[in-house]
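Listing of final_17.txt, compact mmCIF, C-alpha atoms
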```txt
# COMPACT_ATOMS: atom_id res chain seq x y z
CA MET A 242 121.17 64.27 140.16
CA GLU A 243 118.00 66.20 139.23
CA ASN A 244 119.32 69.43 140.81
CA ALA A 245 122.63 68.98 138.98
CA SER A 246 120.74 68.55 135.69
CA VAL A 247 118.71 71.75 136.28
CA SER A 248 121.88 73.65 137.18
CA ALA A 249 123.63 72.44 134.03
CA GLN A 250 120.66 73.53 131.91
CA GLY A 251 120.72 76.97 133.55
CA GLN A 252 124.44 77.38 132.84
CA ALA A 253 123.96 76.29 129.22
CA HIS A 254 121.12 78.80 128.83
CA GLN A 255 123.22 81.60 130.33
CA ALA A 256 126.13 80.75 128.00
CA GLN A 257 123.77 80.77 125.06
CA ILE A 258 122.58 84.23 126.03
CA MET A 259 125.89 85.92 126.80
CA GLU A 260 128.47 84.33 124.51
CA ASN A 261 129.22 86.34 121.36
CA PRO A 262 132.68 86.74 119.78
CA LEU A 263 133.99 90.28 119.30
CA GLN A 264 134.43 89.75 115.57
CA ASN A 265 130.68 89.12 115.20
CA TYR A 266 129.97 92.36 117.07
CA LEU A 267 132.33 94.36 114.83
CA LEU A 268 130.96 92.60 111.75
CA GLY A 269 127.43 93.69 112.69
CA ILE A 270 128.58 97.31 113.08
CA LEU A 271 130.43 97.24 109.75
CA ILE A 272 127.47 95.72 107.90
CA SER A 273 125.10 98.30 109.41
CA ILE A 274 127.34 101.26 108.49
CA CYS A 275 127.83 99.98 104.93
CA GLY A 276 124.09 99.39 104.60
CA ASN A 277 123.27 102.92 105.75
CA VAL A 278 125.84 104.44 103.37
CA LEU A 279 124.33 102.46 100.48
CA ILE A 280 120.88 103.76 101.45
CA SER A 281 122.25 107.33 101.34
CA PHE A 282 123.69 106.76 97.88
CA SER A 283 120.40 105.23 96.73
CA LEU A 284 118.32 108.17 97.95
CA ASN A 285 120.57 110.69 96.23
CA ILE A 286 120.63 108.65 93.01
CA GLN A 287 116.83 108.53 93.03
CA LYS A 288 116.73 112.28 93.70
CA TYR A 289 119.10 112.88 90.77
CA ALA A 290 116.89 110.72 88.54
CA HIS A 291 113.81 112.74 89.56
CA VAL A 292 115.56 116.05 88.87
CA ARG A 293 116.83 114.88 85.49
CA GLN A 294 113.44 113.55 84.42
CA ALA A 295 111.77 116.81 85.53
CA GLN A 296 114.24 118.88 83.48
CA ARG A 297 113.75 116.75 80.40
CA GLY A 298 110.00 116.48 80.90
CA SER A 299 109.95 113.18 79.05
CA LYS A 300 109.15 109.69 80.33
CA PRO A 301 108.08 108.86 83.92
CA TYR A 302 110.84 108.42 86.50
CA TYR A 303 110.26 104.67 86.84
CA THR A 304 111.39 104.17 83.23
CA SER A 305 114.83 105.53 84.12
CA GLY A 306 117.67 103.07 84.58
CA VAL A 307 119.33 105.47 87.03
CA TRP A 308 116.24 105.42 89.26
CA TRP A 309 116.15 101.61 89.27
CA CYS A 310 119.84 101.58 90.16
CA GLY A 311 118.98 103.68 93.22
CA VAL A 312 116.13 101.35 94.16
CA THR A 313 118.44 98.33 93.87
CA LEU A 314 121.05 99.97 96.10
CA MET A 315 118.37 100.74 98.67
CA GLY A 316 117.31 97.09 98.68
CA VAL A 317 120.91 95.99 99.24
CA GLY A 318 121.34 98.55 102.03
CA GLU A 319 118.17 97.49 103.81
CA LEU A 320 119.25 93.85 103.46
CA GLY A 321 122.52 94.80 105.12
CA ASN A 322 120.69 96.41 108.03
CA PHE A 323 118.54 93.29 108.33
CA ALA A 324 121.63 91.07 108.46
CA ALA A 325 123.35 93.34 111.01
CA TYR A 326 120.67 92.57 113.61
CA GLY A 327 121.86 88.96 113.58
CA PHE A 328 125.37 89.94 114.75
CA ALA A 329 125.06 92.99 117.03
CA PRO A 330 122.61 94.26 119.67
CA ALA A 331 119.43 95.93 118.41
CA SER A 332 120.07 98.82 120.80
CA LEU A 333 123.24 99.58 118.80
CA ILE A 334 122.11 98.90 115.22
CA ALA A 335 119.09 101.24 115.40
CA PRO A 336 121.02 104.41 116.46
CA LEU A 337 123.55 103.77 113.69
CA GLY A 338 120.82 104.92 111.32
CA CYS A 339 122.23 108.43 111.82
CA VAL A 340 125.12 107.36 109.55
CA SER A 341 122.64 107.39 106.66
CA VAL A 342 121.69 111.03 107.34
CA ILE A 343 125.33 112.17 107.66
CA ALA A 344 126.35 110.37 104.47
CA SER A 345 123.33 111.75 102.62
CA VAL A 346 124.35 115.33 103.46
CA VAL A 347 127.94 114.74 102.28
CA ILE A 348 126.81 113.08 99.04
CA SER A 349 124.24 115.78 98.26
CA VAL A 350 126.85 118.53 98.78
CA VAL A 351 129.61 116.81 96.77
CA PHE A 352 127.61 115.35 93.88
CA LEU A 353 124.36 117.34 93.73
CA LYS A 354 126.08 120.65 94.61
CA GLU A 355 123.59 121.49 97.35
CA THR A 356 124.34 124.26 99.83
CA VAL A 357 126.13 123.33 103.05
CA TYR A 358 125.12 125.24 106.18
CA THR A 359 126.91 125.80 109.45
CA SER A 360 124.23 123.74 111.20
CA ASP A 361 125.07 120.84 108.84
CA ILE A 362 128.71 120.91 109.96
CA VAL A 363 127.83 121.21 113.65
CA GLY A 364 125.11 118.57 113.36
CA GLY A 365 127.39 116.18 111.49
CA THR A 366 130.10 116.62 114.12
CA LEU A 367 127.63 115.91 116.94
CA ALA A 368 126.22 112.88 115.14
CA ILE A 369 129.69 111.43 114.44
CA THR A 370 130.69 111.98 118.09
CA GLY A 371 127.48 110.32 119.21
CA THR A 372 128.11 107.37 116.89
CA TYR A 373 131.59 106.92 118.35
CA LEU A 374 130.18 106.86 121.89
CA LEU A 375 127.49 104.39 120.83
CA VAL A 376 129.97 101.96 119.32
CA THR A 377 132.40 102.31 122.24
CA PHE A 378 129.99 102.00 125.17
CA ALA A 379 127.22 99.81 123.75
CA PRO A 380 126.90 96.30 125.19
CA HIS A 381 129.59 94.25 123.43
CA THR A 382 127.81 90.98 124.12
CA SER A 383 124.76 89.83 122.25
CA THR A 384 122.60 86.75 122.17
CA HIS A 385 122.96 83.80 119.84
CA ILE A 386 119.39 83.87 118.61
CA THR A 387 117.84 80.41 118.58
CA ALA A 388 114.19 79.39 118.39
CA HIS A 389 114.21 78.14 121.98
CA LEU A 390 115.72 81.41 123.21
CA VAL A 391 113.18 83.55 121.32
CA GLN A 392 110.35 81.45 122.70
CA TYR A 393 111.80 81.78 126.21
CA TYR A 394 111.92 85.58 125.87
CA PHE A 395 108.50 85.71 124.23
CA ILE A 396 106.68 84.24 127.26
CA SER A 397 108.72 86.07 129.91
CA TRP A 398 106.64 88.19 132.28
CA HIS A 399 108.52 91.47 131.62
CA PHE A 400 107.93 91.22 127.86
CA LEU A 401 104.26 90.29 128.32
CA LEU A 402 103.84 93.34 130.59
CA TYR A 403 105.68 95.52 128.04
CA LEU A 404 103.46 94.17 125.25
CA LEU A 405 100.29 94.85 127.26
CA ILE A 406 101.34 98.46 127.95
CA GLU A 407 102.24 98.94 124.28
CA ILE A 408 98.87 97.58 123.09
CA ILE A 409 96.98 99.89 125.48
CA LEU A 410 98.99 102.94 124.36
CA PHE A 411 98.54 102.01 120.70
CA CYS A 412 94.76 101.68 121.10
CA ILE A 413 94.51 105.05 122.88
CA LEU A 414 96.61 106.80 120.22
CA LEU A 415 94.68 105.12 117.39
CA TYR A 416 91.40 106.22 118.99
CA LEU A 417 92.64 109.82 119.21
CA TYR A 418 93.95 109.71 115.64
CA LYS A 419 90.96 108.05 113.96
CA ARG A 420 87.94 108.91 116.12
CA ARG A 421 88.92 112.24 117.66
CA ASN A 422 90.73 113.40 114.52
CA VAL A 423 93.85 114.43 116.45
CA LYS A 424 96.34 114.93 113.62
CA HIS A 425 99.33 116.01 115.69
CA ILE A 426 102.72 114.86 114.44
CA VAL A 427 103.65 113.37 117.84
CA VAL A 428 100.54 111.17 117.84
CA VAL A 429 101.29 109.79 114.36
CA MET A 430 104.98 109.26 115.04
CA LEU A 431 104.25 107.51 118.34
CA LEU A 432 102.04 105.07 116.42
CA VAL A 433 104.98 104.45 114.09
CA ALA A 434 107.38 104.03 117.03
CA LEU A 435 105.18 101.50 118.86
CA LEU A 436 104.99 99.41 115.70
CA ALA A 437 108.74 99.88 115.17
CA SER A 438 109.54 98.27 118.52
CA LEU A 439 107.77 95.09 117.40
CA THR A 440 109.54 95.35 114.05
CA VAL A 441 112.96 95.51 115.73
CA ILE A 442 112.19 92.55 118.00
CA SER A 443 110.92 90.41 115.12
CA VAL A 444 113.63 91.47 112.65
CA LYS A 445 116.40 90.56 115.11
CA ALA A 446 114.68 87.23 115.86
CA VAL A 447 114.23 86.31 112.18
CA SER A 448 117.71 87.52 111.21
CA GLY A 449 119.34 85.76 114.15
CA MET A 450 117.58 82.45 113.47
CA ILE A 451 118.53 82.62 109.78
CA THR A 452 122.16 83.34 110.81
CA GLU A 453 122.17 80.36 113.16
CA SER A 454 120.68 78.17 110.42
CA ILE A 455 123.41 79.23 107.97
CA GLN A 456 126.03 78.40 110.60
CA GLY A 457 124.68 74.86 110.87
CA GLN A 458 121.99 74.97 113.58
CA LEU A 459 118.70 74.75 111.69
CA GLN A 460 116.07 77.04 113.26
CA LEU A 461 113.55 77.31 110.43
CA ILE A 462 111.67 74.18 111.50
CA TYR A 463 110.30 75.81 114.65
CA PRO A 464 106.89 77.57 114.63
CA ILE A 465 108.25 80.60 116.52
CA PHE A 466 110.30 81.53 113.42
CA TYR A 467 107.16 81.90 111.32
CA VAL A 468 105.33 83.70 114.12
CA MET A 469 108.12 86.28 114.19
CA LEU A 470 108.13 86.44 110.39
CA VAL A 471 104.40 87.31 110.35
CA VAL A 472 104.91 89.93 113.10
CA MET A 473 107.79 91.44 111.11
CA VAL A 474 105.82 91.72 107.86
CA ALA A 475 102.63 93.02 109.53
CA SER A 476 104.37 95.59 111.74
CA CYS A 477 106.49 96.82 108.79
CA GLY A 478 103.39 97.19 106.62
CA PHE A 479 101.41 99.25 109.15
CA GLN A 480 104.51 101.22 110.09
CA ILE A 481 105.00 102.26 106.45
CA LYS A 482 101.29 103.14 106.21
CA PHE A 483 101.38 105.55 109.16
CA LEU A 484 104.75 106.94 108.08
CA ASN A 485 103.38 107.74 104.62
CA GLN A 486 100.38 109.48 106.21
CA ALA A 487 102.77 111.56 108.31
CA MET A 488 104.75 112.52 105.21
CA LYS A 489 101.53 113.67 103.54
CA MET A 490 100.39 115.80 106.49
CA PHE A 491 103.72 117.22 107.65
CA ASP A 492 106.99 118.39 106.13
CA ALA A 493 109.85 115.93 105.74
CA THR A 494 112.13 118.18 107.82
CA GLU A 495 109.80 117.52 110.76
CA VAL A 496 109.04 113.85 110.13
CA VAL A 497 112.62 112.60 109.55
CA PRO A 498 114.25 113.75 112.83
CA ILE A 499 111.23 112.92 114.99
CA ASN A 500 110.94 109.48 113.39
CA PHE A 501 114.66 108.85 113.98
CA VAL A 502 114.42 109.80 117.66
CA PHE A 503 111.24 107.81 118.32
CA PHE A 504 112.39 104.78 116.32
CA THR A 505 115.78 104.70 118.05
CA ALA A 506 114.21 105.06 121.51
CA SER A 507 111.70 102.28 120.82
CA ALA A 508 114.45 100.01 119.44
CA ILE A 509 116.62 100.54 122.52
CA VAL A 510 113.72 99.84 124.88
CA ALA A 511 112.77 96.76 122.86
CA GLY A 512 116.34 95.46 123.02
CA ILE A 513 116.52 96.05 126.77
CA VAL A 514 113.14 94.47 127.56
CA PHE A 515 113.03 91.55 125.14
CA TYR A 516 116.71 90.63 124.63
CA GLN A 517 117.97 91.95 128.01
CA GLU A 518 120.88 93.66 126.22
CA PHE A 519 121.83 95.94 129.11
CA GLU A 520 122.02 93.10 131.62
CA GLY A 521 125.33 93.32 133.50
CA LEU A 522 126.34 96.56 131.76
CA ALA A 523 128.21 99.07 133.95
CA LEU A 524 126.47 102.31 134.91
CA LEU A 525 129.19 104.38 133.18
CA ASN A 526 128.61 102.49 129.93
CA ILE A 527 124.86 103.07 130.15
CA LEU A 528 125.27 106.81 130.77
CA MET A 529 127.81 107.25 127.98
CA PHE A 530 125.60 105.22 125.61
CA LEU A 531 122.64 107.49 126.39
CA LEU A 532 124.89 110.54 125.88
CA GLY A 533 125.82 109.16 122.47
CA CYS A 534 122.13 108.80 121.61
CA LEU A 535 121.45 112.37 122.73
CA LEU A 536 124.30 113.77 120.62
CA SER A 537 123.07 111.81 117.61
CA PHE A 538 119.54 113.14 118.13
CA LEU A 539 120.77 116.74 118.32
CA GLY A 540 122.93 116.26 115.26
CA ILE A 541 120.03 114.91 113.19
CA PHE A 542 117.76 117.80 114.26
CA LEU A 543 120.40 120.36 113.29
CA ILE A 544 120.98 118.72 109.90
CA ALA A 545 117.25 118.46 109.13
CA ARG A 546 116.48 122.02 110.26
CA ASN A 547 117.87 123.72 107.15
CA ARG A 548 116.72 121.16 104.60
CA PRO A 549 114.42 122.71 101.97
CA LYS A 550 110.76 122.49 102.90
CA ILE A 551 108.32 120.92 100.45
CA LYS A 552 104.97 122.62 100.58
CA GLN A 553 101.99 120.36 100.01
CA GLN A 554 99.32 121.57 97.62
CA ASP A 555 95.79 121.46 98.96
CA GLY A 556 93.71 119.13 96.82
CA ASN A 557 90.80 121.62 96.83
CA PHE A 558 92.77 124.27 94.91
CA ILE A 559 94.01 124.33 91.33
CA GLU A 560 96.76 126.58 90.06
CA MET A 561 94.91 129.37 88.26
CA ASN A 562 97.58 129.82 85.61
CA ARG A 563 96.73 126.33 84.36
CA ILE A 564 93.10 127.24 83.56
CA PRO A 565 92.71 128.46 79.95
CA GLY A 566 91.05 131.84 79.43
CA ARG A 567 91.74 133.21 82.92
CA THR A 568 93.24 136.62 83.46
CA ARG A 569 95.93 137.59 85.96
CA THR A 570 93.37 138.66 88.58
CA ASP A 571 92.18 135.08 88.95
CA LYS A 572 95.50 134.18 90.61
CA VAL A 573 94.87 136.48 93.54
CA GLN A 574 93.46 134.91 96.71
CA PRO A 575 91.21 137.35 98.67
CA GLU A 576 92.68 138.68 101.89
CA ALA A 577 91.31 137.20 105.12
CA LYS A 578 90.07 140.60 106.37
CA THR A 579 88.24 141.60 103.21
CA PRO A 580 84.52 141.03 102.55
CA THR A 581 85.37 138.82 99.57
CA TYR A 582 87.21 136.23 101.70
CA GLY A 583 85.89 132.64 101.50
CA SER A 584 85.23 129.88 98.97
CA LEU A 585 81.87 131.33 97.87
CA ALA A 586 83.44 134.73 97.19
CA ALA A 587 86.30 133.09 95.32
CA LYS A 588 83.78 131.20 93.21
CA LEU A 589 81.95 134.44 92.41
CA MET A 590 85.22 136.07 91.42
CA CYS A 591 85.98 133.26 89.00
CA SER A 592 82.45 133.47 87.56
CA SER A 593 82.69 137.21 87.00
CA ALA A 594 86.09 136.82 85.39
CA GLY A 595 84.68 134.14 83.11
CA GLN A 596 81.89 136.48 81.99
CA THR A 597 84.45 139.22 81.26
CA ASP A 598 86.48 136.84 79.11
CA GLU A 599 83.39 135.77 77.14
CA SER A 600 82.41 139.38 76.46
```
Whole structure given in structure tokens:
Amino acid sequence: MENASVSAQGQAHQAQIMENPLQNYLLGILISICGNVLISFSLNIQKYAHVRQAQRGSKPYYTSGVWWCGVTLMGVGELGNFAAYGFAPASLIAPLGCVSVIASVVISVVFLKETVYTSDIVGGTLAITGTYLLVTFAPHTSTHITAHLVQYYFISWHFLLYLLIEIILFCILLYLYKRRNVKHIVVVMLLVALLASLTVISVKAVSGMITESIQGQLQLIYPIFYVMLVVMVASCGFQIKFLNQAMKMFDATEVVPINFVFFTASAIVAGIVFYQEFEGLALLNILMFLLGCLLSFLGIFLIARNRPKIKQQDGNFIEMNRIPGRTRTDKVQPEAKTPTYGSLAAKLMCSSAGQTDES
């Protein structure tokens, strides 16, 4: 009788893991795509508000109703992405983020009249092809996320080993970044990606347990829900912090594609390790899924390559044409090979120019 009871529990657990209706899977994909399109609209609306405010030179951008409309749409889009994790595998929802980039290019060309390049067309085609392969060959079964299931996965040996490796890598990268002052873009984006893997795991857990609660099986009374909620908030906060630092140090055309690739890779690995999403998947499906990821990566790189670069001003320099009483020669930076090169020489040049103006 005891063996029969254990066997029944094992079958119930397996059914809980593998059962997922096809309509839930398609609903997750649809919600994710709609959420990413809304995010694209929101970004372009905010960009339009910035451009309009800069042309008018009047009130700050946050006083514009158009800008707040964009922010609201972004919130709705992100909420849609959050909800999508409760219906479809994390390894599928994360790569669908390329839809946002494709839609953003189309919207910016149609509404903001930006230039379309050949690389945009080729990149968009590759990304759309990759998205089709992702949706077609991704695992069509997902877990019904319950508190007991999340707790079972949380203490499994493969996740604990994965978490240990991730913590060690994060500490090494943080040491290089903070102590050794290694400001390479790969180091910063790897820090973001390691945090993103925890974000994906916790977001899917929280979203799935909320979905189950709405469907009638209350999951919010279990401590593991609040543990995952804290992990989600903390990992998101630090992820945004490092991402903002990357945006300050490097150009957006470098940060966006690298972040997409690293985030997607970390999300896929997190889904495989924690939620065992590739369990029982055929080898052909796995290879075609990875091909879809590769095509999406290439498409995003091609699209981002010709985006306009935003040069960051060094905080130690001030535009000379903004200083009253300066002549045209003050705008000239000394050549590197001349004897006047250097901050001290530049200071002397400004001093001599100031004396000329006074005389």
- Item | Close residues, segment 275-287 of chain A itself excluded, 12 Å, only C-alpha atoms, min 6 positions apart in chain, as a ChimeraX atom specification | /A:268-269,293-294,302-303,305-326,334-355
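With distances restricted to all atoms listed in the file, A:Ala388 is the closest residue to Ile451 of chain A from A:Met488, A:Leu432, A:Leu375, A:Ala388.
Counting all atoms listed in the file, segment 462-468 of chain A has the following residues at most 7 Å away, ignoring those fewer than 4 positions along the same chain: Ala388, Gln392, Val447 and Val472 of chain A.
Our summary of the geometry notes that atom CA of Ala511 of chain A is positioned 27.1 Å from atom CA of Phe491 of chain A.
The closest residue to Ile406 of chain A, picked from A:Val441, A:Ile272, A:Leu531, A:Leu435 and counting only C-alpha atoms, is A:Leu435.
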- Message: I want to know what sits within 7 Å of Gly371 of chain A, based on all atoms listed in the file, with residues of the same chain fewer than 4 positions away left out; could you give that as a list in words?
- Response: Leu367, Leu375, Gly533, Cys534, Leu536 and Ser537 of chain A
Write a file of the just-selected residues containing C-alpha atoms, as an mmCIF file, in the frame of the given file.
```
data_model
loop_
_atom_site.group_PDB
_atom_site.id
_atom_site.type_symbol
_atom_site.label_atom_id
_atom_site.label_comp_id
_atom_site.auth_asym_id
_atom_site.auth_seq_id
_atom_site.Cartn_x
_atom_site.Cartn_y
_atom_site.Cartn_z
ATOM 1 C CA LEU A 367 127.630 115.910 116.940
ATOM 2 C CA LEU A 375 127.490 104.390 120.830
ATOM 3 C CA GLY A 533 125.820 109.160 122.470
ATOM 4 C CA CYS A 534 122.130 108.800 121.610
ATOM 5 C CA LEU A 536 124.300 113.770 120.620
ATOM 6 C CA SER A 537 123.070 111.810 117.610
#
```
- Task: Take atom CA of Phe538 of chain A and atom CA of Ser443 of chain A and report the distance between them in Å, one decimal.
- Result: 24.5 Å
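Going from atom CA of Lys489 of chain A to atom CA of Ile413 of chain A covers 22.3 Å.
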- Task: Please identify all polymer residues within 12 Å of Lys419 of chain A, counting only C-alpha atoms, omitting same-chain residues fewer than 4 positions from it, and present them as a PyMOL selection string.
- Result: chain A and resi 411-415+423-425+428-429+432+483
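The nearest approach to Asp492 of chain A among the residues A:Leu522, A:Arg546, A:Glu453, A:Tyr516, with only C-alpha atoms taken into account, belongs to A:Arg546.
Comparing A:Ile396, A:Ala290, A:Val363, A:Ala437 by their smallest distance to Phe504 of chain A, the closest is A:Ala437 (using all atoms listed in the file).
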- Would you be able to write out as a list in words which residues have an atom within 12 Å of (120.8, 77.1, 112.8) in the file's coordinates, counting all atoms listed in the file? Gly327, His385, Ile386, Thr387, Ala388, His389, Val447, Ser448, Gly449, Met450, Ile451, Thr452, Glu453, Ser454, Ile455, Gln456, Gly457, Gln458, Leu459, Gln460, Leu461, Ile462, Tyr463 and Phe466 of chain A
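Minimum distance to Val510 of chain A across A:Ala331, A:Arg421, A:Leu535, A:Val433 (counting all atoms listed in the file) occurs at A:Ala331.
Among the candidates A:His291, A:Tyr394, A:Ala379, A:Leu263, the residue lying nearest to Met529 of chain A is A:Ala379 (atoms considered: all atoms listed in the file).
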- Task: Write out as a ChimeraX atom specification each polymer residue whose atoms come within 10 Å of Pro380 of chain A, counting only C-alpha atoms; drop sequence neighbours fewer than 6 positions from it.
- Result: /A:266,329-330,332-333,518-523,526-527,530
Please save C-alpha atoms of the selected residues as a PDB file, keeping the file's coordinate frame.
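Result saved to out-v7.pdb:
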```pdb
ATOM      1  CA  TYR A 266     129.970  92.360 117.070  1.00  0.00           C
ATOM      2  CA  ALA A 329     125.060  92.990 117.030  1.00  0.00           C
ATOM      3  CA  PRO A 330     122.610  94.260 119.670  1.00  0.00           C
ATOM      4  CA  SER A 332     120.070  98.820 120.800  1.00  0.00           C
ATOM      5  CA  LEU A 333     123.240  99.580 118.800  1.00  0.00           C
ATOM      6  CA  GLU A 518     120.880  93.660 126.220  1.00  0.00           C
ATOM      7  CA  PHE A 519     121.830  95.940 129.110  1.00  0.00           C
ATOM      8  CA  GLU A 520     122.020  93.100 131.620  1.00  0.00           C
ATOM      9  CA  GLY A 521     125.330  93.320 133.500  1.00  0.00           C
ATOM     10  CA  LEU A 522     126.340  96.560 131.760  1.00  0.00           C
ATOM     11  CA  ALA A 523     128.210  99.070 133.950  1.00  0.00           C
ATOM     12  CA  ASN A 526     128.610 102.490 129.930  1.00  0.00           C
ATOM     13  CA  ILE A 527     124.860 103.070 130.150  1.00  0.00           C
ATOM     14  CA  PHE A 530     125.600 105.220 125.610  1.00  0.00           C
TER      15      PHE A 530
END
```
